[in-house]
$ cat work.cif   # mmCIF, C-alpha atoms
data_data
#
loop_
_atom_site.group_PDB
_atom_site.id
_atom_site.type_symbol
_atom_site.label_atom_id
_atom_site.label_comp_id
_atom_site.auth_asym_id
_atom_site.auth_seq_id
_atom_site.Cartn_x
_atom_site.Cartn_y
_atom_site.Cartn_z
ATOM 1 C CA LYS A 16 8.888 20.204 -5.510
ATOM 2 C CA TYR A 17 5.290 20.547 -4.298
ATOM 3 C CA GLN A 18 4.111 18.011 -6.920
ATOM 4 C CA GLU A 19 6.767 15.528 -5.770
ATOM 5 C CA GLU A 20 5.749 15.860 -2.110
ATOM 6 C CA ARG A 21 2.090 15.445 -3.050
ATOM 7 C CA ALA A 22 2.904 12.330 -5.104
ATOM 8 C CA GLN A 23 4.907 10.808 -2.228
ATOM 9 C CA LYS A 24 2.106 11.362 0.304
ATOM 10 C CA ALA A 25 -0.500 9.899 -2.053
ATOM 11 C CA TYR A 26 1.631 6.965 -3.226
ATOM 12 C CA ILE A 27 0.236 3.481 -2.757
ATOM 13 C CA GLU A 28 2.028 0.270 -3.578
ATOM 14 C CA PRO A 29 0.462 -1.298 -6.678
ATOM 15 C CA LYS A 30 -0.738 -4.875 -6.333
ATOM 16 C CA ASP A 31 -2.192 -7.460 -8.679
ATOM 17 C CA PHE A 32 -5.765 -7.379 -7.374
ATOM 18 C CA TRP A 33 -7.860 -5.194 -5.074
ATOM 19 C CA THR A 34 -11.156 -6.226 -3.525
ATOM 20 C CA GLU A 35 -14.060 -3.788 -3.325
ATOM 21 C CA GLU A 36 -13.710 -3.994 0.466
ATOM 22 C CA GLU A 37 -10.080 -2.839 0.255
ATOM 23 C CA LEU A 38 -11.001 0.081 -2.005
ATOM 24 C CA LYS A 39 -13.372 1.468 0.664
ATOM 25 C CA GLU A 40 -10.331 2.350 2.801
ATOM 26 C CA TYR A 41 -9.129 4.780 0.119
ATOM 27 C CA ASP A 42 -12.108 7.065 -0.481
ATOM 28 C CA GLY A 43 -10.171 10.150 0.617
ATOM 29 C CA THR A 44 -11.924 10.605 3.965
ATOM 30 C CA LYS A 45 -9.223 9.133 6.225
ATOM 31 C CA ASP A 46 -6.162 11.001 4.946
ATOM 32 C CA PRO A 47 -6.451 14.422 3.270
ATOM 33 C CA ASP A 48 -3.115 13.855 1.477
ATOM 34 C CA GLY A 49 -3.304 10.102 0.903
ATOM 35 C CA PRO A 50 -4.271 8.028 -2.095
ATOM 36 C CA ILE A 51 -7.799 7.993 -3.487
ATOM 37 C CA LEU A 52 -8.629 4.789 -5.320
ATOM 38 C CA LEU A 53 -11.443 3.994 -7.683
ATOM 39 C CA ALA A 54 -12.058 1.089 -9.998
ATOM 40 C CA ALA A 55 -13.289 1.478 -13.553
ATOM 41 C CA ASP A 56 -13.699 -1.256 -16.144
ATOM 42 C CA GLY A 57 -11.704 -3.696 -14.019
ATOM 43 C CA LEU A 58 -8.705 -1.421 -13.390
ATOM 44 C CA VAL A 59 -7.906 0.335 -10.119
ATOM 45 C CA PHE A 60 -6.652 3.908 -10.398
ATOM 46 C CA ASN A 61 -5.059 6.219 -7.843
ATOM 47 C CA VAL A 62 -6.914 9.449 -8.645
ATOM 48 C CA TYR A 63 -5.255 11.622 -5.985
ATOM 49 C CA LYS A 64 -4.357 14.184 -8.699
ATOM 50 C CA GLY A 65 -8.097 14.778 -9.039
ATOM 51 C CA ARG A 66 -8.623 15.155 -5.276
ATOM 52 C CA ASN A 67 -10.817 18.248 -5.845
ATOM 53 C CA PHE A 68 -13.194 16.007 -7.866
ATOM 54 C CA TYR A 69 -12.957 12.687 -6.002
ATOM 55 C CA GLY A 70 -12.130 13.777 -2.449
ATOM 56 C CA PRO A 71 -14.674 14.642 0.255
ATOM 57 C CA GLY A 72 -16.929 17.441 -0.973
ATOM 58 C CA GLY A 73 -15.961 16.847 -4.617
ATOM 59 C CA GLU A 74 -18.652 16.388 -7.228
ATOM 60 C CA TYR A 75 -17.464 12.813 -7.955
ATOM 61 C CA HIS A 76 -16.695 11.735 -4.370
ATOM 62 C CA LEU A 77 -19.332 9.011 -4.768
ATOM 63 C CA PHE A 78 -16.891 7.269 -7.182
ATOM 64 C CA ALA A 79 -14.032 7.126 -4.648
ATOM 65 C CA GLY A 80 -13.214 3.935 -2.802
ATOM 66 C CA ARG A 81 -15.385 1.712 -4.988
ATOM 67 C CA ASP A 82 -16.099 0.344 -8.442
ATOM 68 C CA ALA A 83 -17.255 3.425 -10.378
ATOM 69 C CA THR A 84 -17.726 1.612 -13.702
ATOM 70 C CA ARG A 85 -21.494 2.041 -13.959
ATOM 71 C CA PHE A 86 -21.437 5.652 -12.750
ATOM 72 C CA LEU A 87 -18.942 6.527 -15.477
ATOM 73 C CA ALA A 88 -20.713 4.553 -18.190
ATOM 74 C CA LYS A 89 -24.086 6.059 -17.342
ATOM 75 C CA THR A 90 -22.657 9.518 -16.547
ATOM 76 C CA ILE A 91 -24.548 9.620 -13.260
ATOM 77 C CA VAL A 92 -23.465 10.910 -9.867
ATOM 78 C CA GLU A 93 -26.047 9.217 -7.673
ATOM 79 C CA GLU A 94 -26.756 5.608 -6.732
ATOM 80 C CA GLU A 95 -28.751 3.574 -9.235
ATOM 81 C CA LYS A 96 -32.079 2.034 -8.294
ATOM 82 C CA PRO A 97 -31.657 -1.745 -7.824
ATOM 83 C CA GLU A 98 -33.790 -2.496 -10.905
ATOM 84 C CA ASP A 99 -31.552 -0.236 -13.045
ATOM 85 C CA ALA A 100 -28.329 -1.594 -11.553
ATOM 86 C CA SER A 101 -29.261 -5.111 -12.661
ATOM 87 C CA LYS A 102 -29.612 -4.107 -16.330
ATOM 88 C CA PRO A 103 -26.647 -4.585 -18.678
ATOM 89 C CA LEU A 104 -24.909 -1.512 -20.045
ATOM 90 C CA THR A 105 -26.075 -0.358 -23.475
ATOM 91 C CA ILE A 106 -23.687 0.123 -26.369
ATOM 92 C CA ALA A 107 -23.831 3.914 -25.824
ATOM 93 C CA GLU A 108 -22.973 3.477 -22.141
ATOM 94 C CA ARG A 109 -20.108 1.138 -22.999
ATOM 95 C CA ALA A 110 -18.818 3.719 -25.483
ATOM 96 C CA ALA A 111 -19.058 6.454 -22.830
ATOM 97 C CA LEU A 112 -17.081 4.234 -20.452
ATOM 98 C CA ALA A 113 -14.410 3.712 -23.122
ATOM 99 C CA GLY A 114 -14.043 7.489 -23.363
ATOM 100 C CA TRP A 115 -13.601 7.796 -19.617
ATOM 101 C CA MET A 116 -11.060 4.968 -19.646
ATOM 102 C CA PHE A 117 -8.975 6.753 -22.269
ATOM 103 C CA THR A 118 -8.886 9.830 -20.021
ATOM 104 C CA PHE A 119 -8.147 7.880 -16.845
ATOM 105 C CA LYS A 120 -5.329 5.858 -18.406
ATOM 106 C CA ASN A 121 -3.675 9.070 -19.588
ATOM 107 C CA LYS A 122 -4.157 10.999 -16.357
ATOM 108 C CA TYR A 123 -3.952 8.582 -13.417
ATOM 109 C CA GLU A 124 -1.723 5.739 -12.253
ATOM 110 C CA ILE A 125 -3.087 2.200 -12.536
ATOM 111 C CA VAL A 126 -2.369 0.413 -9.245
ATOM 112 C CA GLY A 127 -3.941 -2.962 -10.003
ATOM 113 C CA LYS A 128 -7.061 -4.768 -11.127
ATOM 114 C CA LEU A 129 -10.437 -5.204 -9.458
ATOM 115 C CA ASP A 130 -10.832 -8.690 -8.069
ATOM 116 C CA GLY A 131 -13.736 -10.598 -9.625
ATOM 117 C CA PHE A 132 -14.511 -8.051 -12.343
ATOM 118 C CA ASP A 133 -16.302 -9.546 -15.371
ATOM 119 C CA PRO A 134 -15.012 -7.788 -18.534
ATOM 120 C CA SER A 135 -17.933 -9.076 -20.592
ATOM 121 C CA THR A 136 -20.170 -6.593 -18.721
ATOM 122 C CA THR A 137 -18.410 -3.614 -20.322
ATOM 123 C CA SER A 138 -16.740 -4.912 -23.485
ATOM 124 C CA MET A 139 -17.878 -3.588 -26.854
ATOM 125 C CA LYS A 140 -16.993 -7.004 -28.297
ATOM 126 C CA SER A 141 -19.500 -8.905 -26.160
ATOM 127 C CA LEU A 142 -22.541 -7.152 -27.644
#
$ encode --input "work.cif" --output "structure tokens"
Amino acid sequence: KYQEERAQKAYIEPKDFWTEEELKEYDGTKDPDGPILLAADGLVFNVYKGRNFYGPGGEYHLFAGRDATRFLAKTIVEEEKPEDASKPLTIAERAALAGWMFTFKNKYEIVGKLDGFDPSTTSMKSL
């Protein structure tokens, strides 16, 4: 029963595409029971089940309400320096991202895609 109530409060209507601006509204700071969205590798996930990680005060709160692709790939929890952020992901980072994506797809609901995401930036095939 508790899980059902939690799921209802955190539910968000899936849509085809989300902009990064729209994601900012769902970083967990406005509603303690509401959805928490993050984008990874072009997909948008509702990670409310991991509220203790992604909500305010959580160790991965930086990922919430934004595109967390590079954080996940690089296994970092702080902002990148601009010169690092402009560098393409290495094959090891792309592999790390693939591991995260496997976990996310099995644990969290996909609620859409990130508008304007370029899959060649993360694909193993484009190397």
$ closest_residue --input "work.cif" --among "A:Asp82, A:Glu40, A:Arg109, A:Gly70" --to "Lys140 of chain A" --atoms "all atoms listed in the file"
A:Arg109
$ closest_residue --input "work.cif" --among "A:Ala54, A:Thr118, A:Pro97, A:Arg81" --to "Glu36 of chain A" --atoms "all atoms listed in the file"
A:Arg81
$ residues_around --input "work.cif" --residues "Tyr26 of chain A" --least-positions-apart "2" --cutoff "9 Å" --atoms "only C-alpha atoms" --output "PDB file with C-alpha atoms, in the coordinates of the input"
ATOM      1  CA  ARG A  21       2.090  15.445  -3.050  1.00  0.00           C
ATOM      2  CA  ALA A  22       2.904  12.330  -5.104  1.00  0.00           C
ATOM      3  CA  GLN A  23       4.907  10.808  -2.228  1.00  0.00           C
ATOM      4  CA  LYS A  24       2.106  11.362   0.304  1.00  0.00           C
ATOM      5  CA  GLU A  28       2.028   0.270  -3.578  1.00  0.00           C
ATOM      6  CA  GLY A  49      -3.304  10.102   0.903  1.00  0.00           C
ATOM      7  CA  PRO A  50      -4.271   8.028  -2.095  1.00  0.00           C
ATOM      8  CA  ASN A  61      -5.059   6.219  -7.843  1.00  0.00           C
ATOM      9  CA  TYR A  63      -5.255  11.622  -5.985  1.00  0.00           C
TER      10      TYR A  63
END
$ closest_residue --input "work.cif" --among "A:Phe119, A:Lys102, A:Tyr41, A:Ala111" --to "Gly65 of chain A" --atoms "only C-alpha atoms"
A:Phe119
$ residues_around --input "work.cif" --residues "Glu35 of chain A" --least-positions-apart "5" --cutoff "12 Å" --atoms "all atoms listed in the file" --output "ChimeraX atom specification"
/A:40-42,52-55,57-59,79-83,128-132
$ residues_around --input "work.cif" --residues "Leu104 of chain A" --least-positions-apart "2" --cutoff "9 Å" --atoms "only C-alpha atoms" --output "PyMOL selection string"
chain A and resi 85+88-89+102+106-109+136-137
$ atom_distance --input "work.cif" --atom1 "atom CA of Thr84 of chain A" --atom2 "atom CA of Phe60 of chain A"
11.8 Å
$ atom_distance --input "work.cif" --atom1 "atom CA of Ser135 of chain A" --atom2 "atom CA of Phe78 of chain A"
21.2 Å
$ residues_around --input "work.cif" --residues "Pro71 of chain A" --least-positions-apart "4" --cutoff "10 Å" --atoms "all atoms listed in the file" --output "PyMOL selection string"
chain A and resi 42-45+47+66-67+75-77+79
$ closest_residue --input "work.cif" --among "A:Asp46, A:Glu93, A:Glu124, A:Asp133" --to "Pro29 of chain A" --atoms "only C-alpha atoms"
A:Glu124
$ closest_residue --input "work.cif" --among "A:Pro103, A:Leu87, A:Met139, A:Lys64" --to "Tyr123 of chain A" --atoms "all atoms listed in the file"
A:Lys64
$ closest_residue --input "work.cif" --among "A:Asp48, A:Lys39, A:Trp115, A:Ala100" --to "Gln18 of chain A" --atoms "all atoms listed in the file"
A:Asp48
$ atom_distance --input "work.cif" --atom1 "atom CA of Glu19 of chain A" --atom2 "atom CA of Ile125 of chain A"
17.9 Å
